[in-house]
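For reference, the structure discussed in these notes is given below.
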Amino acid sequence: MKLRILPFLFQLLPCLLFAQGDTSAELAYPKWSVTATPAGEGLWNILVKGDIAAGCFVYSKDVDPMAGPIPTELRLDSVPGLALVRGFEETAKETIEHADPLWDNAVIKKFKGWVTYSANVRCTNTPPMASGYVYYQTCNESSCLMPEYVYWRIDLAANTHELGTVPFVGGLSDTTATTPVTDDPCRSYVLTSVDLDAPVMTCGKPAAREEHTSLWGIFVLGFLGGLLALLTPCVFPMIPLTVSFFTKGSGNRAKGISNALLYGAFILGIYLLFSVPFHILGGVDPEIFNVLSTHPVLNLFFFVIFIVFAISFFGYFEITLPASWVNRMDQNASRFGGVVGIFFMAFTLALVSFSCTGPILGSLLAGAISGADGAIQLTMGMAGFGLALALPFALFALFPGWLNSLPRSGSWLTSVKVVLGFAEVALAFKFLSTADLVSHWGILPYELFLAIWVLCALGIVLYLFGLIRFPHDSPVKERSGVRWGFIAVFAATTIYLALGFRYDAHAGTFRAPKLLSGLAPPAGYSWIHPSDCPHALACYHNDLCAAMEEAQRSGKPLMIDFTGHGCVNCRKMEEYVWSADGVLELIRDRYVLVSLYVDDREQLPKEEQHIYTNKNGTKKQIITVGDRYATLESETFGQVSQPWYVLLSPDGRLLNPAMGTGEDQFSVPEFKAFLECGLQAMEQLQAGRP
């Protein structure tokens with residue numbers, strides 16, 4: 001059977017959607033307004049109206065979300081003295097209900113011109129302020145904008161309204177950029193005693209504010225992913241067929257070669273386009289990638305999707321995109337010819353090969369959004385992936401004799417897919433682990449996670465031996481030298497992963513394999529050797545106030561560790577730098593350690609939830625513990641990446657330049673020098689020297 005990926009998964013790729021119809025209309029969000037009119041006997045009619053741009057439309061609230069587009073959602077907030085009598089009813093200037101080619105010909109109801117949503121409410125006392133939101137999606141005939149929340153508030157008596165991007169009510173109140181939430185300075189987002197430009201001393205490693213040296217590593221990983229995709233049954237057989245078409249079909253070898261090169265360039269360009277929407281997201285909110293990478297719902301979604309990909313790779317069903325998309329690209333390739341036709345041929349390859357490339361692309365996407373440079377990381381990863389796919393078509397067009405050296409398609413392609421399937425299972429549990437850590441469920445501790453990865457590696461060994469078989473597999477009658485080589489590699493990997501159950505007496509926890517550093521849960525998240533802090537250190541967990549009090553009581557400097565449950569580099573630093581001789585002792589004996597998790601989803605008490613205005617004038621909701629400390633990091637220290645280490649004196653002065661992970665990331669000497677510099681600065685303060 002075949003499983004179609006829901007079209008709404010591709011709403012993040014509006015540049016890549018094609019359909020019939022007028023594609024000249026410029027996409028624009030509707031202009032919203034809210035009015036209120038009395039209806040007698042304490043009743044009021046609230047009307048939410050959206051004026052829709054020409055050529056665009058908004059979907060009905062009754063659209064089936066499984067069909068693809070996002071249905072409009074409306075909400076009226078709960079306000080004392082106000083009760084909903086009749087829910088929102090929709091009317092529009094023009095209603096269209098048809099088999100929509102944009103959504104695989106599903107029957108969709110949508111509106112043009114303008115749309116209104118009216119509801120009746122009853123007031124039991126003086127007409128209060130009413131508020132709520134509308135959540136909707138705007139499209140034209142060929143592409144869509146990102147779904148948007150519009151929050152509204154209206155004074156019923158005065159019939160005046162406000163619109164915003166954050167809720168107006170629900171226990172949330174505004175604060176200014178420099179006003180603490182309470183009188184306690186440890187709960188302020190701007191630590192006024194910290195001067196980034198005037199630390200006590202400047203020794204140690206300078207702050208790695210904008211150093212992002214892993215981009216070429218991301219490119220290489222993307223390139224390797226593309227090479228893997230080439231070895232799958234969806235792509236490999238296409239190489240000789242496509243190259244032969246270009247080199248022989250044109251009748252002119254030079255022309256055929258140039259067309260093949262253009263075909264490869266289009267493949268690269270198409271995959272680069274996948275990252276464009278994420279640059280827009282990152283420009284809107286620099287913290288968006290941290291939110292995306294650690295949100296439990298999104299991580300659970302990735303967990304399910306990767307398990308589905310794995311089952312597909314095991315051969316139980318095939319994942320395909322809607323056939324209408326592939327047919328449309330194929331028709332356009334035949335219709336236009338020339339450069340335009342070659343582009344559509346490249347796009348057709350991308351669609352046809354999705355059942356094999358989709359899981360690998362999903363891995364790139366999920367890995368990219370976990371970093372502070374999610375958009376550029378994704379672009380580099382997609383560039384590597386697209387280049388790896390494009391190179392064979394260009395190289396074999398230039399040197400057609402090489403085609404004879406290609407191995408023939410056969411059962412080995414199926415084996416590649418199955419091995420990738422085991423890898424997808426292992427990666428799926430990485431996302432479940434992130435959701436578990438952020439939400440404090442306690443369902444996937446270190447031991448269970450490591451056991452699953454060991455079993456996946458062992459499963460590959462047993463499969464390559466022929467002891468495990470899946471659909472479409474034929475019996476393994478003989479094992480080639482290459483197969484024996486892979487058996488040896490994965491057998492060694494199994495043993496290597498199993499060594500992660502060793503106990504490290506110095507660190508007081510398990511010693512995680514370096515391969516899993518940052519992927520596995522922290523070793524302290526354990527059934528056998530549990531610890532709230534790395535290496536059983538006495539730290540303050542998400543409690544800056546208590547840490548500051550202890551620093552003032554003991555006279556020790558404060559080490560602030562801005563970290564995250566889903567932060568890969570944080571785990572690497574803790575496991576391979578903090579645990580080193582000389583470093584662990586400094587942290588344990590000479591500092592008061594506080595770890596602030598910027599992705600913690602635990603909600604703050606209702607009275608502490610509010611809306612905060614950043615230094616740049618934008619507003620954000622402070623709902624969770626992670627919201628609070630992510631805002632503290634960005635407002636006081638100008639950072640949104642983790643890990644970020646700050647050393648403060650007991651009275652809150654910056655001892656030396658803060659430190660992240662940059663050019664010398666994971667360097668024990670550098671981090672030790674950073675800690676020693678902070679102690680020297682503390683001694684200078686205690687001696688009364690400025």
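To be explicit about the labels: the chains of the structure tokens are called A, B, and onward in the order shown, and within each one the residues are counted from 1, while ligands get numbers from 1 in the order they are shown.
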
So that each row is one residue of segment 576-607 of chain A with an atom at most 9 Å from segment 550-564 of chain A, can you give its shortest atom pair and the distance in Å to one decimal, using only C-alpha atoms, rows by chain and rising number, as CSV?
residue,atom,partner,partner_atom,distance
A:Ile587,CA,A:Met559,CA,8.1
A:Arg590,CA,A:Lys556,CA,6.5
A:Tyr591,CA,A:Pro557,CA,5.4
A:Val592,CA,A:Leu558,CA,4.8
A:Leu593,CA,A:Met559,CA,4.9
A:Val594,CA,A:Ile560,CA,5.2
A:Ser595,CA,A:Asp561,CA,4.6
A:Leu596,CA,A:Phe562,CA,5.0
A:Tyr597,CA,A:Gly564,CA,4.6
A:Val598,CA,A:Gly564,CA,5.5
A:Asp599,CA,A:Gly564,CA,5.5
A:Asp600,CA,A:Gly564,CA,7.3

Quick one: pick out all strand (DSSP E or B) residues within segment 582-654 of chain A from a backbone DSSP run and write them as an NGL selection string.
:A and (592-597 or 603 or 610-613 or 619-622 or 624 or 644-648 or 654)

Written file, previous selection with N, CA and C atoms, as an mmCIF file, in the first residue's frame:
data_model
loop_
_atom_site.group_PDB
_atom_site.id
_atom_site.type_symbol
_atom_site.label_atom_id
_atom_site.label_comp_id
_atom_site.auth_asym_id
_atom_site.auth_seq_id
_atom_site.Cartn_x
_atom_site.Cartn_y
_atom_site.Cartn_z
ATOM 1 N N VAL A 592 29.794 28.797 42.600
ATOM 2 C CA VAL A 592 28.386 28.448 42.805
ATOM 3 C C VAL A 592 27.776 28.295 41.419
ATOM 4 N N LEU A 593 27.358 27.092 41.092
ATOM 5 C CA LEU A 593 26.878 26.774 39.742
ATOM 6 C C LEU A 593 25.356 26.849 39.677
ATOM 7 N N VAL A 594 24.842 27.531 38.667
ATOM 8 C CA VAL A 594 23.403 27.537 38.398
ATOM 9 C C VAL A 594 23.204 27.236 36.919
ATOM 10 N N SER A 595 22.387 26.245 36.632
ATOM 11 C CA SER A 595 22.066 25.862 35.256
ATOM 12 C C SER A 595 20.672 26.369 34.924
ATOM 13 N N LEU A 596 20.578 27.215 33.913
ATOM 14 C CA LEU A 596 19.312 27.819 33.501
ATOM 15 C C LEU A 596 18.928 27.232 32.147
ATOM 16 N N TYR A 597 17.835 26.496 32.106
ATOM 17 C CA TYR A 597 17.405 25.789 30.895
ATOM 18 C C TYR A 597 16.446 26.674 30.106
ATOM 19 N N GLN A 603 5.503 25.546 33.264
ATOM 20 C CA GLN A 603 4.856 26.848 33.299
ATOM 21 C C GLN A 603 5.138 27.567 34.609
ATOM 22 N N HIS A 610 3.344 36.890 32.008
ATOM 23 C CA HIS A 610 3.109 38.253 31.556
ATOM 24 C C HIS A 610 3.615 38.415 30.130
ATOM 25 N N ILE A 611 3.414 39.595 29.595
ATOM 26 C CA ILE A 611 3.946 39.964 28.281
ATOM 27 C C ILE A 611 5.086 40.939 28.499
ATOM 28 N N TYR A 612 6.201 40.684 27.867
ATOM 29 C CA TYR A 612 7.404 41.486 28.078
ATOM 30 C C TYR A 612 7.782 42.201 26.786
ATOM 31 N N THR A 613 8.171 43.447 26.895
ATOM 32 C CA THR A 613 8.622 44.228 25.748
ATOM 33 C C THR A 613 10.143 44.216 25.700
ATOM 34 N N LYS A 619 7.179 42.425 21.455
ATOM 35 C CA LYS A 619 6.606 41.824 22.652
ATOM 36 C C LYS A 619 6.688 40.307 22.568
ATOM 37 N N LYS A 620 6.830 39.671 23.713
ATOM 38 C CA LYS A 620 6.824 38.213 23.763
ATOM 39 C C LYS A 620 6.142 37.760 25.049
ATOM 40 N N GLN A 621 5.569 36.577 24.999
ATOM 41 C CA GLN A 621 4.911 36.016 26.172
ATOM 42 C C GLN A 621 5.942 35.322 27.060
ATOM 43 N N ILE A 622 5.866 35.582 28.344
ATOM 44 C CA ILE A 622 6.682 34.870 29.329
ATOM 45 C C ILE A 622 5.734 33.934 30.060
ATOM 46 N N THR A 624 6.654 30.210 30.402
ATOM 47 C CA THR A 624 7.375 29.074 30.967
ATOM 48 C C THR A 624 8.681 29.516 31.616
ATOM 49 N N TRP A 644 26.121 28.956 26.982
ATOM 50 C CA TRP A 644 26.688 30.279 27.178
ATOM 51 C C TRP A 644 27.037 30.382 28.652
ATOM 52 N N TYR A 645 28.303 30.622 28.938
ATOM 53 C CA TYR A 645 28.799 30.602 30.310
ATOM 54 C C TYR A 645 29.173 32.013 30.748
ATOM 55 N N VAL A 646 28.683 32.389 31.923
ATOM 56 C CA VAL A 646 28.906 33.723 32.464
ATOM 57 C C VAL A 646 29.402 33.586 33.900
ATOM 58 N N LEU A 647 30.464 34.302 34.234
ATOM 59 C CA LEU A 647 31.013 34.313 35.590
ATOM 60 C C LEU A 647 30.769 35.681 36.220
ATOM 61 N N LEU A 648 30.063 35.687 37.357
ATOM 62 C CA LEU A 648 29.710 36.928 38.037
ATOM 63 C C LEU A 648 30.239 36.912 39.462
ATOM 64 N N LEU A 654 30.406 41.467 36.138
ATOM 65 C CA LEU A 654 30.948 40.525 35.153
ATOM 66 C C LEU A 654 32.444 40.383 35.384
#

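Interatomic distance, atom CA of Ser312 of chain A against atom CA of Gly226 of chain A: 18.7 Å.
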
With only C-alpha atoms as the counted atoms, please give the residues lying no more than 12 Å from Ser131 of chain A, apart from itself and same-chain residues fewer than 6 positions off, as an NGL selection string.
:A and (34-36 or 46-48 or 74-80 or 82 or 84 or 121 or 150-156 or 160-164 or 166-170)

Near Asp532 of chain A, within 12 Å and counting only C-alpha atoms, which residues show up once chain neighbours fewer than 2 positions away are dropped, as a ChimeraX atom specification?
/A:437,440,509,522-526,529-530,534-542,565,594-595

Selection above as a file: N, CA and C atoms, as a CSV table (one decimal), in the first residue's frame:
chain,number,residue,atom,x,y,z
A,437,LEU,N,12.7,15.1,28.0
A,437,LEU,CA,13.5,16.0,28.9
A,437,LEU,C,12.8,17.3,29.2
A,440,HIS,N,9.6,16.8,31.3
A,440,HIS,CA,9.8,16.1,32.6
A,440,HIS,C,8.9,14.8,32.7
A,509,THR,N,28.9,9.3,37.1
A,509,THR,CA,27.8,9.0,36.2
A,509,THR,C,28.4,8.0,35.2
A,522,PRO,N,21.2,13.3,29.1
A,522,PRO,CA,22.4,13.4,30.0
A,522,PRO,C,22.5,12.1,30.9
A,523,ALA,N,23.8,11.8,31.1
A,523,ALA,CA,24.0,10.5,31.9
A,523,ALA,C,23.4,10.6,33.3
A,524,GLY,N,23.2,11.8,33.8
A,524,GLY,CA,22.5,11.9,35.1
A,524,GLY,C,21.0,11.7,35.1
A,525,TYR,N,20.5,11.6,33.9
A,525,TYR,CA,19.0,11.4,33.7
A,525,TYR,C,18.9,9.8,33.6
A,526,SER,N,19.0,9.2,34.8
A,526,SER,CA,19.3,7.8,34.9
A,526,SER,C,18.4,7.1,35.9
A,529,HIS,N,22.0,5.9,38.3
A,529,HIS,CA,22.8,6.9,38.9
A,529,HIS,C,22.2,8.3,38.7
A,530,PRO,N,21.0,8.5,39.3
A,530,PRO,CA,20.3,9.8,39.0
A,530,PRO,C,21.0,11.0,39.6
A,534,PRO,N,24.9,17.9,36.1
A,534,PRO,CA,26.0,17.1,35.5
A,534,PRO,C,27.0,16.6,36.5
A,535,HIS,N,27.4,15.4,36.4
A,535,HIS,CA,28.5,14.8,37.3
A,535,HIS,C,28.2,14.9,38.8
A,536,ALA,N,26.9,14.9,39.1
A,536,ALA,CA,26.5,14.9,40.5
A,536,ALA,C,27.0,16.2,41.2
A,537,LEU,N,27.2,17.2,40.5
A,537,LEU,CA,27.6,18.5,41.1
A,537,LEU,C,26.5,19.1,41.9
A,538,ALA,N,26.8,19.9,42.9
A,538,ALA,CA,25.8,20.6,43.7
A,538,ALA,C,25.5,21.9,43.0
A,539,CYS,N,24.5,21.9,42.1
A,539,CYS,CA,24.1,23.0,41.4
A,539,CYS,C,22.7,23.5,41.7
A,540,TYR,N,22.4,24.7,41.3
A,540,TYR,CA,21.1,25.2,41.4
A,540,TYR,C,20.4,25.1,40.0
A,541,HIS,N,19.3,24.4,40.0
A,541,HIS,CA,18.6,24.0,38.8
A,541,HIS,C,17.5,25.0,38.5
A,542,ASN,N,17.6,25.9,37.5
A,542,ASN,CA,16.6,26.9,37.2
A,542,ASN,C,16.2,27.7,38.4
A,565,HIS,N,17.7,21.4,27.5
A,565,HIS,CA,17.5,20.0,27.5
A,565,HIS,C,17.8,19.4,26.1
A,594,VAL,N,24.8,27.5,38.7
A,594,VAL,CA,23.4,27.5,38.4
A,594,VAL,C,23.2,27.2,36.9
A,595,SER,N,22.4,26.2,36.6
A,595,SER,CA,22.1,25.9,35.3
A,595,SER,C,20.7,26.4,34.9

Name all residues at most 6 Å from Asn45 of chain A (count only C-alpha atoms; drop same-chain ones fewer than 4 positions away) and give them as a list of chain:residue names.
A:Ala36, A:Thr37, A:Ala119, A:Asn120

So the first atom is atom CA of Ile311 of chain A and the second is atom CA of Leu516 of chain A; what is the distance between them in Å, to one decimal place?
23.2 Å
